[in-house]
Amino acid sequence: MTRYVMAIDLRRCVGCQTCTAACKNANATPPGVQWRRVLDLETGEFPDVRRSFVPVACMHCDEPPCEEVCPTTATKKRADGLVTIDYDTCIGCANCVMACPYEARSIVHEAKFAYGDTPIKSEEVRFDPARIGVSMKCTFCVDRIDEAARTGQVPGRDPEVTPACVNSCISGAMSFGDIDDPNSNVSRLLAETQSFRMHEELGTGPGVYYIWDKG
Amino acid sequence: MKAKTLKAGDRIGPRQQHNWDWRAASNFIAGGAGGGVLFFAALASLAGTDVRALLLGGMALIGAGLTCVWFEIGKPWRALNVYRHLATSWMTREAAVAPLVFVCGALALFTADTLFVLLTGVFGAAFVYAQARILSADKGIPAWRHPRCRPMLVATGFAEGAALVAVASPFVMTSAAGQVGVAAVTLGLLLVRALLWRSYLAGLRADGAPEGSLRALAAVDGQFLKFGNLLPAALLLVAALGAPLAGFALIPAGLIAVGGGWLVKYTLVRRAAFTQGFALPHLPVRGRGPAGAAVKPGWGGAG
């Protein structure tokens with residue numbers, strides 16, 4: 001089997017938001033919607049203050065609560081672990097938005113552009129009316145993953161078939177790949193380090209692992 | 001334009017949801033009361049009461065709630081897609097029960113057949129239950145997914161249904177005994193509702209919940225108990241004891257009890273619906289030194 005996951009090394013992330021920008025560029029998300037965000041977390045009291053950067057997006061869960069509640073079957077989990085949305089089936093009821101504990105989903109009810117009502121050239125080219133009024137979220141750049149099946153490339157190893165955020169990361173904090181393949185980058189990385197998954201107590205089985213220390 | 005100043009960590013903690021507005025809340029407010037009315041109207045029919053007006057009222061409430069939610073969905077002309085996921089989605093199941101309510105209700109109105117009246121009541125109760133399950137399945141909203149939220153919501157829907165039957169009883173029930181019975185049942189349900197409400201609040205505080213949820217629910221706690229439950233309970237007691245003008249005490253008692261339930265549901269859907277937020281069980285090691293302690297910003301209670 002194949003189970004695509006992402007590993008994010010919190011020790012390396014510098015909070016530069018390059019992955020956020022790369023995601024916006026690759027997926028043409030409208031203003032105010034970020035499929036990939038980097039949280040800026042400041043904790044503690046002077047002099048013991050810590051600052052951490054936490055990239056978040058859709059966790060592509062093993063047991064996606066969004067899929068369970070979706071009344072239309074627009075949200076589905078694929079055999080390779082990716083959670084997808086069929087924009088032609090979704091009715092935009094937002095039940096999945098309420099079900100997601102990771103705030104990964106958004107609904108935009110009207111076309112929005114960066115500079116007023118008129119799209120700039122790049123927005124005009126990439127505007128997708130099918131995404132208005134329905135739920136949207138990070139897809140792990142599913143089009144690239146699917147391209148791998150055609151080209152024989154390996155997601156997580158070959159940049160052409162790897163999510164844009166992973167490719168863009170300047171500090172190499174993100175890795176992507178098949179966790180069921182013991183030789184993949186993510187499998188080796190997760191074997192060598194200590195990691196956790198967000199809100200694991202909720203039983204969602206998120207597909208994003210956060211590395212916080214060595215093994 | 002001046003840029004909005006964002007403090008570090010502003011987007012970490014739970015945030016109030018804004019996707020479901022008053023229209024979605026109306027579905028739970030009206031639909032829950034409507035389903036409850038149908039159930040208790042069916043019970044009242046067993047005592048020989050003509051409940052056609054109550055059935056009509058219950059169906060109107062459910063219809064109004066569903067219409068509101070239809071206006072809220074992003075693609076209303078695809079609404080029939082809502083029937084595609086009976087296997088796991090309680091929203092599908094709620095939508096599947098609705099036509100059964102309307103078909104049986106219409107047959108009950110036209111034929112006055114006891115079987116259709118009872119079936120309408122059963123499907124009304126199923127509608128109330130499905131609505132409670134919709135909220136409890138939403139894992140992203142801790143105040144909804146708490147295991148004590150579901151029974152509290154079901155109890156609220158039934159208490160509102162009984163209260164609406166109480167409002168109508170001076171007009172549709174000729175016997176004083178019938179009115180006393182309605183008052184007693186409503187009184188009992190208000191007691192159950194109040195107990196489940198307090199149990200729910202205590203559970204949220206004990207198990208942990210976003211601070212915003214706890215604040216929003218605490219803000220209505222006193223009003224709900226005093227005006228939504230105790231005041232109508234006193235009026236119902238007057239009615240149950242058969243005091244002069246007892247029948248007319250049922251009307252304000254029922255209306256106030258319904259208002260209390262609606263206040264709680266509106267608060268739950270709109271004001272207390274805070275997201276899970278983000279948490280780290282370990283802060284990352286940076287360079288030398290140990291990892292930091294776990295953080296879960298914006299949560300109150302023990303959790």
# chains A, B, ... in the order shown; residues from 1 in each chain; ligands from 1
$ residues_around --residues "range 53-63 of chain B" --least-positions-apart "2" --cutoff "7 Å" --atoms "only C-alpha atoms" --output "PyMOL selection string"
chain B and resi 30-31+34-35+37-38+41+51+65-67+102+105
$ write_last_selection --atoms "all heavy atoms" --output "PDB file, in the first residue's frame"
ATOM      1  N   ALA B  30     -35.561  26.018  15.187  1.00  0.00           N
ATOM      2  CA  ALA B  30     -36.925  25.705  14.748  1.00  0.00           C
ATOM      3  C   ALA B  30     -37.121  24.204  14.546  1.00  0.00           C
ATOM      4  O   ALA B  30     -38.164  23.645  14.922  1.00  0.00           O
ATOM      5  CB  ALA B  30     -37.236  26.462  13.459  1.00  0.00           C
ATOM      6  N   GLY B  31     -36.121  23.563  13.955  1.00  0.00           N
ATOM      7  CA  GLY B  31     -36.253  22.128  13.662  1.00  0.00           C
ATOM      8  C   GLY B  31     -36.362  21.292  14.920  1.00  0.00           C
ATOM      9  O   GLY B  31     -37.174  20.353  14.993  1.00  0.00           O
ATOM     10  N   GLY B  34     -39.755  21.905  16.387  1.00  0.00           N
ATOM     11  CA  GLY B  34     -40.766  21.300  15.511  1.00  0.00           C
ATOM     12  C   GLY B  34     -40.840  19.791  15.683  1.00  0.00           C
ATOM     13  O   GLY B  34     -41.927  19.209  15.795  1.00  0.00           O
ATOM     14  N   GLY B  35     -39.671  19.157  15.718  1.00  0.00           N
ATOM     15  CA  GLY B  35     -39.641  17.707  15.904  1.00  0.00           C
ATOM     16  C   GLY B  35     -40.230  17.321  17.251  1.00  0.00           C
ATOM     17  O   GLY B  35     -40.975  16.332  17.375  1.00  0.00           O
ATOM     18  N   VAL B  37     -42.475  19.022  18.981  1.00  0.00           N
ATOM     19  CA  VAL B  37     -43.934  19.213  18.929  1.00  0.00           C
ATOM     20  C   VAL B  37     -44.604  17.997  18.297  1.00  0.00           C
ATOM     21  O   VAL B  37     -45.617  17.496  18.806  1.00  0.00           O
ATOM     22  CB  VAL B  37     -44.299  20.465  18.109  1.00  0.00           C
ATOM     23  CG1 VAL B  37     -45.780  20.470  17.768  1.00  0.00           C
ATOM     24  CG2 VAL B  37     -43.973  21.715  18.876  1.00  0.00           C
ATOM     25  N   LEU B  38     -44.035  17.523  17.202  1.00  0.00           N
ATOM     26  CA  LEU B  38     -44.641  16.385  16.516  1.00  0.00           C
ATOM     27  C   LEU B  38     -44.707  15.166  17.435  1.00  0.00           C
ATOM     28  O   LEU B  38     -45.706  14.451  17.469  1.00  0.00           O
ATOM     29  CB  LEU B  38     -43.858  16.053  15.242  1.00  0.00           C
ATOM     30  CG  LEU B  38     -43.863  17.134  14.158  1.00  0.00           C
ATOM     31  CD1 LEU B  38     -43.019  16.704  12.967  1.00  0.00           C
ATOM     32  CD2 LEU B  38     -45.288  17.433  13.704  1.00  0.00           C
ATOM     33  N   ALA B  41     -47.286  15.859  20.182  1.00  0.00           N
ATOM     34  CA  ALA B  41     -48.625  15.898  19.586  1.00  0.00           C
ATOM     35  C   ALA B  41     -49.117  14.473  19.344  1.00  0.00           C
ATOM     36  O   ALA B  41     -50.286  14.153  19.594  1.00  0.00           O
ATOM     37  CB  ALA B  41     -48.594  16.683  18.283  1.00  0.00           C
ATOM     38  N   VAL B  51     -54.992  16.851  17.168  1.00  0.00           N
ATOM     39  CA  VAL B  51     -53.651  17.458  17.160  1.00  0.00           C
ATOM     40  C   VAL B  51     -53.266  17.983  15.776  1.00  0.00           C
ATOM     41  O   VAL B  51     -52.095  18.275  15.532  1.00  0.00           O
ATOM     42  CB  VAL B  51     -52.581  16.452  17.652  1.00  0.00           C
ATOM     43  CG1 VAL B  51     -52.814  16.083  19.098  1.00  0.00           C
ATOM     44  CG2 VAL B  51     -52.542  15.216  16.770  1.00  0.00           C
ATOM     45  N   GLY B  65     -36.953  25.897   9.350  1.00  0.00           N
ATOM     46  CA  GLY B  65     -35.541  25.680   9.655  1.00  0.00           C
ATOM     47  C   GLY B  65     -34.767  25.195   8.436  1.00  0.00           C
ATOM     48  O   GLY B  65     -33.678  25.679   8.136  1.00  0.00           O
ATOM     49  N   LEU B  66     -35.354  24.251   7.715  1.00  0.00           N
ATOM     50  CA  LEU B  66     -34.670  23.720   6.526  1.00  0.00           C
ATOM     51  C   LEU B  66     -34.565  24.781   5.437  1.00  0.00           C
ATOM     52  O   LEU B  66     -33.568  24.835   4.708  1.00  0.00           O
ATOM     53  CB  LEU B  66     -35.420  22.484   6.002  1.00  0.00           C
ATOM     54  CG  LEU B  66     -35.353  21.249   6.909  1.00  0.00           C
ATOM     55  CD1 LEU B  66     -36.238  20.132   6.367  1.00  0.00           C
ATOM     56  CD2 LEU B  66     -33.915  20.752   7.042  1.00  0.00           C
ATOM     57  N   THR B  67     -35.571  25.637   5.338  1.00  0.00           N
ATOM     58  CA  THR B  67     -35.504  26.719   4.348  1.00  0.00           C
ATOM     59  C   THR B  67     -34.362  27.677   4.684  1.00  0.00           C
ATOM     60  O   THR B  67     -33.610  28.108   3.807  1.00  0.00           O
ATOM     61  CB  THR B  67     -36.840  27.486   4.303  1.00  0.00           C
ATOM     62  OG1 THR B  67     -37.885  26.548   4.072  1.00  0.00           O
ATOM     63  CG2 THR B  67     -36.845  28.534   3.206  1.00  0.00           C
ATOM     64  N   PHE B 102     -42.833  15.014   6.509  1.00  0.00           N
ATOM     65  CA  PHE B 102     -43.828  15.779   5.746  1.00  0.00           C
ATOM     66  C   PHE B 102     -44.878  14.866   5.090  1.00  0.00           C
ATOM     67  O   PHE B 102     -46.059  15.198   5.074  1.00  0.00           O
ATOM     68  CB  PHE B 102     -43.144  16.657   4.702  1.00  0.00           C
ATOM     69  CG  PHE B 102     -42.345  17.770   5.325  1.00  0.00           C
ATOM     70  CD1 PHE B 102     -40.980  17.887   5.090  1.00  0.00           C
ATOM     71  CD2 PHE B 102     -42.945  18.690   6.167  1.00  0.00           C
ATOM     72  CE1 PHE B 102     -40.240  18.902   5.681  1.00  0.00           C
ATOM     73  CE2 PHE B 102     -42.211  19.704   6.768  1.00  0.00           C
ATOM     74  CZ  PHE B 102     -40.852  19.805   6.522  1.00  0.00           C
ATOM     75  N   GLY B 105     -46.960  13.437   7.927  1.00  0.00           N
ATOM     76  CA  GLY B 105     -47.721  14.552   8.499  1.00  0.00           C
ATOM     77  C   GLY B 105     -48.883  14.932   7.601  1.00  0.00           C
ATOM     78  O   GLY B 105     -50.007  15.159   8.078  1.00  0.00           O
TER      79      GLY B 105
END
$ closest_atom_pairs --of "chain B" --to "chain A" --cutoff "9 Å" --atoms "only C-alpha atoms" --output "tab-separated table"
residue	atom	partner	partner_atom	distance
B:Ala8	CA	A:Asp40	CA	5.7
B:Gly9	CA	A:Leu41	CA	4.7
B:Asp10	CA	A:Asp40	CA	8.2
B:Arg11	CA	A:Leu39	CA	6.9
B:Ile12	CA	A:Leu39	CA	6.5
B:Gln17	CA	A:Met98	CA	7.9
B:Asn19	CA	A:Ala94	CA	6.6
B:Trp20	CA	A:Ala94	CA	7.4
B:Val69	CA	A:Cys93	CA	8.4
B:Trp70	CA	A:Cys93	CA	8.7
B:Glu72	CA	A:Cys93	CA	7.3
B:Ile73	CA	A:Cys93	CA	4.6
B:Gly74	CA	A:Gly133	CA	4.2
B:Lys75	CA	A:Ile91	CA	4.7
B:Pro76	CA	A:Ile91	CA	6.7
B:Trp77	CA	A:Ile91	CA	8.2
B:Arg78	CA	A:Ile91	CA	5.8
B:Ala79	CA	A:Ile91	CA	6.5
B:Leu80	CA	A:Thr72	CA	8.6
B:Asn81	CA	A:Thr72	CA	5.1
B:Val82	CA	A:Pro71	CA	4.9
B:Tyr83	CA	A:Pro71	CA	6.5
B:Arg84	CA	A:Thr72	CA	4.8
B:His85	CA	A:Pro71	CA	5.0
B:Leu86	CA	A:Pro71	CA	7.5
B:Ala87	CA	A:Glu68	CA	8.6
B:Thr88	CA	A:Glu68	CA	5.5
B:Ser89	CA	A:Val69	CA	4.5
B:Trp90	CA	A:Val69	CA	6.7
B:Met91	CA	A:Pro71	CA	5.7
B:Thr92	CA	A:Pro71	CA	4.9
B:Arg93	CA	A:Pro71	CA	8.5
B:Ile134	CA	A:Val69	CA	7.7
B:Leu135	CA	A:Met98	CA	8.7
B:Ala137	CA	A:Val69	CA	6.8
B:Asp138	CA	A:Ala99	CA	3.8
B:Lys139	CA	A:Ala99	CA	4.7
B:Gly140	CA	A:Pro101	CA	3.8
B:Ile141	CA	A:Met98	CA	6.3
B:Pro142	CA	A:Pro101	CA	8.8
B:Thr275	CA	A:Pro101	CA	7.0
B:Gln276	CA	A:Pro101	CA	5.5
B:Gly277	CA	A:Tyr102	CA	7.1
B:Phe278	CA	A:Tyr102	CA	7.3
B:Ala279	CA	A:Met198	CA	6.9
B:Leu280	CA	A:Met198	CA	6.9
B:Pro281	CA	A:Phe196	CA	7.6
B:His282	CA	A:Trp212	CA	6.8
B:Leu283	CA	A:Trp212	CA	6.7
B:Pro284	CA	A:Trp212	CA	4.2
B:Val285	CA	A:Asp213	CA	5.8
B:Arg286	CA	A:Arg11	CA	5.5
B:Gly287	CA	A:Arg11	CA	8.1
B:Ala291	CA	A:Asp213	CA	7.6
B:Gly292	CA	A:Arg50	CA	7.8
B:Val295	CA	A:Thr43	CA	7.8
$ closest_residue --among "B:Gly289, B:Pro232, B:Pro147, B:Pro170" --to "Gly254 in chain B" --atoms "only C-alpha atoms"
B:Pro232
$ residues_around --residues "Ala166 in chain B" --least-positions-apart "6" --cutoff "8 Å" --atoms "only C-alpha atoms" --output "list of chain:residue names"
B:Gln179, B:Val182, B:Ala183, B:Thr186, B:Leu250, B:Ile251, B:Ala253, B:Gly254
$ residues_around --residues "Ala202 in chain B" --least-positions-apart "6" --cutoff "12 Å" --atoms "only C-alpha atoms" --output "ChimeraX atom specification"
/B:143,146-149,195-196,208-209,214,217-218,221,301-302
$ write_last_selection --atoms "N, CA and C atoms" --output "PDB file, in the first residue's frame"
ATOM      1  N   ALA B 143     -17.062  22.353  21.987  1.00  0.00           N
ATOM      2  CA  ALA B 143     -18.303  22.497  22.764  1.00  0.00           C
ATOM      3  C   ALA B 143     -19.420  21.624  22.190  1.00  0.00           C
ATOM      4  N   HIS B 146     -18.574  17.460  22.787  1.00  0.00           N
ATOM      5  CA  HIS B 146     -18.576  16.940  24.152  1.00  0.00           C
ATOM      6  C   HIS B 146     -19.731  15.939  24.311  1.00  0.00           C
ATOM      7  N   PRO B 147     -19.455  14.775  24.918  1.00  0.00           N
ATOM      8  CA  PRO B 147     -20.497  13.731  24.975  1.00  0.00           C
ATOM      9  C   PRO B 147     -21.780  14.167  25.678  1.00  0.00           C
ATOM     10  N   ARG B 148     -21.713  15.191  26.521  1.00  0.00           N
ATOM     11  CA  ARG B 148     -22.938  15.617  27.207  1.00  0.00           C
ATOM     12  C   ARG B 148     -23.734  16.642  26.403  1.00  0.00           C
ATOM     13  N   CYS B 149     -23.191  17.074  25.276  1.00  0.00           N
ATOM     14  CA  CYS B 149     -23.914  18.052  24.448  1.00  0.00           C
ATOM     15  C   CYS B 149     -25.126  17.383  23.794  1.00  0.00           C
ATOM     16  N   LEU B 195     -31.189  19.868  34.368  1.00  0.00           N
ATOM     17  CA  LEU B 195     -30.140  19.005  34.935  1.00  0.00           C
ATOM     18  C   LEU B 195     -29.084  18.661  33.880  1.00  0.00           C
ATOM     19  N   LEU B 196     -29.550  18.338  32.676  1.00  0.00           N
ATOM     20  CA  LEU B 196     -28.598  17.995  31.612  1.00  0.00           C
ATOM     21  C   LEU B 196     -27.774  19.210  31.197  1.00  0.00           C
ATOM     22  N   GLY B 208     -12.315  20.357  29.952  1.00  0.00           N
ATOM     23  CA  GLY B 208     -11.603  21.378  29.189  1.00  0.00           C
ATOM     24  C   GLY B 208     -12.374  21.761  27.938  1.00  0.00           C
ATOM     25  N   ALA B 209     -12.333  23.040  27.649  1.00  0.00           N
ATOM     26  CA  ALA B 209     -13.000  23.578  26.459  1.00  0.00           C
ATOM     27  C   ALA B 209     -12.380  24.925  26.163  1.00  0.00           C
ATOM     28  N   LEU B 214     -16.620  28.559  27.042  1.00  0.00           N
ATOM     29  CA  LEU B 214     -17.033  28.581  28.451  1.00  0.00           C
ATOM     30  C   LEU B 214     -17.636  29.935  28.813  1.00  0.00           C
ATOM     31  N   LEU B 217     -21.199  30.316  27.153  1.00  0.00           N
ATOM     32  CA  LEU B 217     -22.223  29.489  27.788  1.00  0.00           C
ATOM     33  C   LEU B 217     -22.518  29.978  29.205  1.00  0.00           C
ATOM     34  N   ALA B 218     -21.458  30.411  29.902  1.00  0.00           N
ATOM     35  CA  ALA B 218     -21.673  30.926  31.266  1.00  0.00           C
ATOM     36  C   ALA B 218     -22.536  32.182  31.226  1.00  0.00           C
ATOM     37  N   ASP B 221     -26.092  31.106  31.252  1.00  0.00           N
ATOM     38  CA  ASP B 221     -26.456  30.086  32.249  1.00  0.00           C
ATOM     39  C   ASP B 221     -27.533  30.588  33.214  1.00  0.00           C
ATOM     40  N   GLY B 301     -10.701  25.421  31.762  1.00  0.00           N
ATOM     41  CA  GLY B 301     -11.091  24.172  32.410  1.00  0.00           C
ATOM     42  C   GLY B 301      -9.884  23.287  32.610  1.00  0.00           C
ATOM     43  N   ALA B 302     -10.160  22.038  32.870  1.00  0.00           N
ATOM     44  CA  ALA B 302      -9.065  21.127  33.227  1.00  0.00           C
ATOM     45  C   ALA B 302      -8.294  20.602  32.030  1.00  0.00           C
TER      46      ALA B 302
END
$ atom_distance --atom1 "CA of Leu204 in chain B" --atom2 "CA of Gly300 in chain B"
9.0 Å
$ closest_residue --among "A:Pro163, A:Val83, A:Cys138, A:Pro182" --to "Val33 in chain A" --atoms "only C-alpha atoms"
A:Cys138
$ select_by_dssp --residues "range 30-79 of chain A" --states "alpha helix (DSSP H)" --output "list in words"
Pro65, Cys66, Glu67, Glu68 and Val69 of chain A
$ select_by_dssp --residues "range 98-180 of chain A" --states "strand (DSSP E or B)" --output "PyMOL selection string"
chain A and resi 106-107+113+116+135-136+174-178
$ write_last_selection --atoms "N, CA and C atoms" --output "tab-separated table (two decimals), in the first residue's frame"
chain	number	residue	atom	x	y	z
A	106	SER	N	-11.87	26.05	3.97
A	106	SER	CA	-12.45	27.39	3.80
A	106	SER	C	-13.56	27.31	2.77
A	107	ILE	N	-14.50	28.25	2.90
A	107	ILE	CA	-15.52	28.42	1.85
A	107	ILE	C	-15.54	29.88	1.45
A	113	PHE	N	-10.52	38.96	-5.60
A	113	PHE	CA	-9.22	39.11	-6.24
A	113	PHE	C	-8.34	40.05	-5.42
A	116	GLY	N	-9.26	44.42	-5.83
A	116	GLY	CA	-10.61	44.81	-6.19
A	116	GLY	C	-11.37	43.75	-6.96
A	135	SER	N	-16.48	23.90	-0.43
A	135	SER	CA	-15.38	23.77	0.50
A	135	SER	C	-14.06	23.57	-0.25
A	136	MET	N	-13.02	24.17	0.24
A	136	MET	CA	-11.70	23.96	-0.38
A	136	MET	C	-10.64	23.81	0.70
A	174	MET	N	10.61	20.48	5.50
A	174	MET	CA	9.49	19.62	5.10
A	174	MET	C	9.94	18.45	4.24
A	175	SER	N	9.34	17.32	4.53
A	175	SER	CA	9.58	16.13	3.70
A	175	SER	C	8.24	15.52	3.38
A	176	PHE	N	8.20	14.83	2.25
A	176	PHE	CA	6.95	14.23	1.81
A	176	PHE	C	7.25	12.86	1.23
A	177	GLY	N	6.34	11.95	1.40
A	177	GLY	CA	6.57	10.65	0.79
A	177	GLY	C	5.66	9.57	1.34
A	178	ASP	N	5.97	8.36	0.97
A	178	ASP	CA	5.15	7.20	1.32
A	178	ASP	C	5.68	6.60	2.63
$ residues_around --residues "Leu43 in chain B" --least-positions-apart "6" --cutoff "12 Å" --atoms "only C-alpha atoms" --output "ChimeraX atom specification"
/B:36-37,49-51,54-55,114-115,117-122,124-125,161-162,165,178,181-182,185
$ closest_residue --among "A:Lys77, A:Tyr4, A:Asn183, A:Ser168" --to "Cys16 in chain A" --atoms "only C-alpha atoms"
A:Ser168
$ residues_around --residues "Val97 in chain B" --least-positions-apart "6" --cutoff "9 Å" --atoms "only C-alpha atoms" --output "list in words"
Phe123, Gly124, Ala126, Phe127 and Ala130 of chain B
